[in-house]
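Novice: Have a look at the structure that comes next, please.
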Amino acid sequence: MSDYFAELLAELGKILKLPLTVDKSNACSIAMEPLIIQMELDATQENLFLFAKIIELPPGKFRENVLCEALKNNGLPDPRAGVFGYIAPTNHLALYQMYPISMLNGEVLSGLLGAFFDMGSSWHTAIQHGHVGVQSVSRGSYP
């Protein structure tokens, strides 16, 4: 199945006009300022994971508020471009998502990757400007 991953990366690479290959750890990272998005297959090689560290969060009330907003965002109905997580040892807000590899081709992955990047980079920018998250149209009654 990792051959399929390599083929998928080749298709995506043609669309993005980048040479994408599987590295020694069976993953592929794409630097898309301000994020580095890592893609890899799970242990069963049936699902593709997307992962990115968004931004380091300083300790204190601001971090608590950002994480609260991220949790609210995680509670929104699917489809979601990503799910937020927190990496405690490095104090990073992170974003991840998983897709069945059987539903992917280069074009589909390009669209999913674009939405994932847009979500991560908009949160990165908002946090850099002192906001605790990004207002979403589908947030309903959240402030």
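Residues are named by chain letter and number: chains run A, B, ... in the order of the structure tokens, numbers start at 1 in each chain, and ligands are numbered from 1 in the order shown.
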Could you pull out the residues in chain A that DSSP calls strand (DSSP E or B) from the backbone, as a short mmCIF file (atom, residue, chain, number, x, y, z; two decimals) with N, CA and C atoms, in the first residue's frame?
Specialist:
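Output contents, as saved in part-v4.cif:
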data_model
loop_
_atom_site.label_atom_id
_atom_site.label_comp_id
_atom_site.auth_asym_id
_atom_site.auth_seq_id
_atom_site.Cartn_x
_atom_site.Cartn_y
_atom_site.Cartn_z
N ALA A 27 7.09 9.07 5.43
CA ALA A 27 6.25 10.25 5.53
C ALA A 27 6.68 11.25 4.45
N CYS A 28 5.93 12.32 4.34
CA CYS A 28 6.29 13.40 3.42
C CYS A 28 5.89 14.70 4.08
N SER A 29 6.80 15.65 4.13
CA SER A 29 6.52 16.96 4.71
C SER A 29 6.55 18.02 3.63
N ILE A 30 5.59 18.94 3.72
CA ILE A 30 5.51 20.04 2.77
C ILE A 30 5.56 21.35 3.56
N ALA A 31 6.55 22.18 3.26
CA ALA A 31 6.65 23.49 3.90
C ALA A 31 5.76 24.46 3.14
N MET A 32 4.69 24.89 3.81
CA MET A 32 3.76 25.87 3.24
C MET A 32 3.66 26.98 4.28
N LEU A 35 3.22 26.98 7.90
CA LEU A 35 3.13 25.62 8.44
C LEU A 35 4.06 24.66 7.72
N ILE A 36 4.37 23.58 8.41
CA ILE A 36 4.97 22.41 7.79
C ILE A 36 3.96 21.30 7.98
N ILE A 37 3.41 20.81 6.88
CA ILE A 37 2.38 19.78 6.95
C ILE A 37 3.02 18.44 6.66
N GLN A 38 2.83 17.52 7.59
CA GLN A 38 3.38 16.18 7.44
C GLN A 38 2.25 15.24 7.05
N MET A 39 2.52 14.38 6.08
CA MET A 39 1.57 13.36 5.65
C MET A 39 2.22 11.99 5.83
N GLU A 40 1.45 11.05 6.37
CA GLU A 40 1.95 9.69 6.48
C GLU A 40 0.79 8.72 6.64
N LEU A 41 1.06 7.47 6.32
CA LEU A 41 0.05 6.43 6.47
C LEU A 41 0.04 5.93 7.91
N ASN A 47 -5.15 4.50 6.12
CA ASN A 47 -5.55 5.89 6.38
C ASN A 47 -4.35 6.82 6.23
N LEU A 48 -4.61 7.98 5.66
CA LEU A 48 -3.58 9.00 5.52
C LEU A 48 -3.79 10.05 6.60
N PHE A 49 -2.74 10.33 7.36
CA PHE A 49 -2.79 11.37 8.39
C PHE A 49 -2.14 12.63 7.86
N LEU A 50 -2.79 13.76 8.13
CA LEU A 50 -2.19 15.08 7.91
C LEU A 50 -1.94 15.65 9.30
N PHE A 51 -0.80 16.29 9.48
CA PHE A 51 -0.45 16.86 10.79
C PHE A 51 0.36 18.13 10.59
N ALA A 52 0.09 19.12 11.46
CA ALA A 52 0.89 20.36 11.45
C ALA A 52 0.89 20.98 12.83
N LYS A 53 2.05 21.46 13.26
CA LYS A 53 2.12 22.32 14.44
C LYS A 53 1.72 23.70 13.96
N ILE A 54 0.77 24.32 14.66
CA ILE A 54 0.30 25.63 14.22
C ILE A 54 1.15 26.75 14.80
N ILE A 55 1.25 26.77 16.13
CA ILE A 55 1.99 27.85 16.78
C ILE A 55 2.22 27.48 18.24
N GLU A 56 3.33 27.96 18.79
CA GLU A 56 3.60 27.77 20.21
C GLU A 56 2.73 28.74 21.00
N VAL A 83 -8.71 18.65 13.09
CA VAL A 83 -9.03 18.53 14.51
C VAL A 83 -7.85 19.11 15.28
N PHE A 84 -8.14 19.94 16.28
CA PHE A 84 -7.07 20.55 17.06
C PHE A 84 -6.59 19.62 18.16
N GLY A 85 -5.32 19.73 18.46
CA GLY A 85 -4.71 19.03 19.57
C GLY A 85 -3.70 19.96 20.23
N TYR A 86 -3.17 19.52 21.35
CA TYR A 86 -2.18 20.32 22.07
C TYR A 86 -0.99 19.42 22.40
N ILE A 87 0.20 19.90 22.10
CA ILE A 87 1.43 19.15 22.39
C ILE A 87 2.06 19.80 23.61
N HIS A 92 2.63 23.55 21.85
CA HIS A 92 2.14 23.87 20.51
C HIS A 92 0.67 23.49 20.33
N LEU A 93 -0.06 24.38 19.69
CA LEU A 93 -1.36 24.04 19.16
C LEU A 93 -1.10 23.29 17.87
N ALA A 94 -1.77 22.16 17.68
CA ALA A 94 -1.54 21.34 16.49
C ALA A 94 -2.86 21.07 15.79
N LEU A 95 -2.77 20.67 14.55
CA LEU A 95 -3.93 20.34 13.75
C LEU A 95 -3.66 19.00 13.07
N TYR A 96 -4.66 18.13 13.06
CA TYR A 96 -4.49 16.86 12.37
C TYR A 96 -5.81 16.44 11.74
N GLN A 97 -5.71 15.51 10.82
CA GLN A 97 -6.89 14.93 10.20
C GLN A 97 -6.50 13.60 9.59
N MET A 98 -7.48 12.72 9.43
CA MET A 98 -7.23 11.40 8.87
C MET A 98 -8.26 11.13 7.78
N TYR A 99 -7.80 10.55 6.68
CA TYR A 99 -8.67 10.20 5.56
C TYR A 99 -8.38 8.78 5.11
N PRO A 100 -9.42 8.01 4.76
CA PRO A 100 -9.18 6.68 4.18
C PRO A 100 -8.43 6.86 2.85
#
Novice: One decimal, in Å: what's the spacing between atom CA of A:Ser122 and atom CA of A:Cys68?
Specialist: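 Spanning atom CA of A:Ser122 to atom CA of A:Cys68 is a straight-line distance of 16.8 Å.
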Novice: To one decimal in Å, tell me the separation between atom CA of A:Pro79 and atom CA of A:Ser25.
Specialist: 29.2 Å
Novice: Excluding A:Ala10 and its own-chain neighbours fewer than 5 positions away, which residues fall within 9 Å of it when counting only C-alpha atoms? Please give them as a list in words.
Specialist: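 Contacts, with the query itself left out: Phe5, Ile15, Leu18, Pro19, Leu20, Thr21 and Gly106 of chain A.
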Novice: Please write the residues from the selection above to a file, keeping C-alpha atoms, as an mmCIF file, in the first residue's frame.
Specialist:
data_model
loop_
_atom_site.group_PDB
_atom_site.id
_atom_site.type_symbol
_atom_site.label_atom_id
_atom_site.label_comp_id
_atom_site.auth_asym_id
_atom_site.auth_seq_id
_atom_site.Cartn_x
_atom_site.Cartn_y
_atom_site.Cartn_z
ATOM 1 C CA PHE A 5 1.148 6.429 -1.083
ATOM 2 C CA ILE A 15 -0.717 19.458 -9.094
ATOM 3 C CA LEU A 18 6.610 20.097 -6.293
ATOM 4 C CA PRO A 19 8.712 16.926 -6.248
ATOM 5 C CA LEU A 20 7.015 14.957 -3.449
ATOM 6 C CA THR A 21 8.435 11.639 -2.297
ATOM 7 C CA GLY A 106 -4.023 13.672 -6.231
#
Novice: What is the distance between atom CA of A:Gly75 and atom CA of A:Thr125, in Å to one decimal?
Specialist: 21.6 Å
Novice: Quick one: residues within 9 Å of A:Val66, only C-alpha atoms counted, chain neighbours fewer than 5 positions away excluded, as a list in words?
Specialist: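 That gives Leu57, Lys61, Leu71, Leu93, Ile127, His131, Val132 and Gly133 of chain A.
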Novice: Include N, CA and C atoms and write out the residues we just selected as an mmCIF file, in the first residue's frame.
Specialist:
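Result saved to again.cif:
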data_model
loop_
_atom_site.group_PDB
_atom_site.id
_atom_site.type_symbol
_atom_site.label_atom_id
_atom_site.label_comp_id
_atom_site.auth_asym_id
_atom_site.auth_seq_id
_atom_site.Cartn_x
_atom_site.Cartn_y
_atom_site.Cartn_z
ATOM 1 N N LEU A 57 2.123 28.237 22.067
ATOM 2 C CA LEU A 57 1.246 29.061 22.897
ATOM 3 C C LEU A 57 1.933 29.384 24.214
ATOM 4 N N LYS A 61 -3.456 32.668 30.740
ATOM 5 C CA LYS A 61 -4.873 32.745 30.387
ATOM 6 C C LYS A 61 -5.093 32.739 28.874
ATOM 7 N N LEU A 71 -11.205 23.632 21.302
ATOM 8 C CA LEU A 71 -12.123 22.556 21.687
ATOM 9 C C LEU A 71 -13.536 22.812 21.152
ATOM 10 N N LEU A 93 -0.061 24.382 19.688
ATOM 11 C CA LEU A 93 -1.361 24.039 19.161
ATOM 12 C C LEU A 93 -1.096 23.286 17.865
ATOM 13 N N ILE A 127 -3.823 33.950 16.086
ATOM 14 C CA ILE A 127 -3.116 33.861 17.373
ATOM 15 C C ILE A 127 -1.939 34.832 17.406
ATOM 16 N N HIS A 131 -5.574 37.122 18.866
ATOM 17 C CA HIS A 131 -6.941 36.591 18.925
ATOM 18 C C HIS A 131 -6.884 35.142 19.397
ATOM 19 N N VAL A 132 -7.939 34.700 20.068
ATOM 20 C CA VAL A 132 -7.924 33.342 20.636
ATOM 21 C C VAL A 132 -8.414 32.287 19.659
ATOM 22 N N GLY A 133 -8.756 32.656 18.461
ATOM 23 C CA GLY A 133 -9.195 31.694 17.457
ATOM 24 C C GLY A 133 -9.745 32.417 16.246
#
Novice: From the set A:Arg80, A:Asn91, A:Glu33, A:Asn26, which residue has the shortest atom-to-atom contact distance to A:Arg63, counting only C-alpha atoms?
Specialist: A:Asn91
Novice: Using only C-alpha atoms, which of A:Gly111, A:Gly82, A:Pro89, A:Pro58 sits nearest A:Gly130?
Specialist: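 Nearest candidate to A:Gly130 out of A:Gly111, A:Gly82, A:Pro89, A:Pro58: A:Pro58.
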Novice: Applying 12 Å and only C-alpha atoms, which residues near A:Ser110 remain after dropping the ones on its own chain fewer than 5 positions away? List them as a PDB file with C-alpha atoms, in the first residue's frame.
Specialist:
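That gives us part-v5.pdb:
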ATOM      1  CA  LEU A   8      -0.550   9.585  -4.494  1.00  0.00           C
ATOM      2  CA  LEU A   9       2.345  11.904  -3.618  1.00  0.00           C
ATOM      3  CA  ALA A  10       3.495  11.904  -7.246  1.00  0.00           C
ATOM      4  CA  GLU A  11      -0.025  12.917  -8.377  1.00  0.00           C
ATOM      5  CA  LEU A  12      -0.199  15.617  -5.708  1.00  0.00           C
ATOM      6  CA  GLY A  13       3.290  16.799  -6.639  1.00  0.00           C
ATOM      7  CA  LYS A  14       2.221  17.335 -10.256  1.00  0.00           C
ATOM      8  CA  ILE A  15      -0.717  19.458  -9.094  1.00  0.00           C
ATOM      9  CA  LEU A  16       1.405  21.484  -6.639  1.00  0.00           C
ATOM     10  CA  LYS A  17       4.385  21.557  -9.025  1.00  0.00           C
ATOM     11  CA  LEU A  50      -2.189  15.083   7.913  1.00  0.00           C
ATOM     12  CA  LEU A 104      -7.930   9.729  -2.304  1.00  0.00           C
ATOM     13  CA  ASN A 105      -6.294  10.691  -5.547  1.00  0.00           C
ATOM     14  CA  ALA A 115      -8.587  23.297   3.345  1.00  0.00           C
ATOM     15  CA  PHE A 116      -6.286  21.895   6.056  1.00  0.00           C
ATOM     16  CA  PHE A 117      -3.656  24.548   5.291  1.00  0.00           C
TER      17      PHE A 117
END
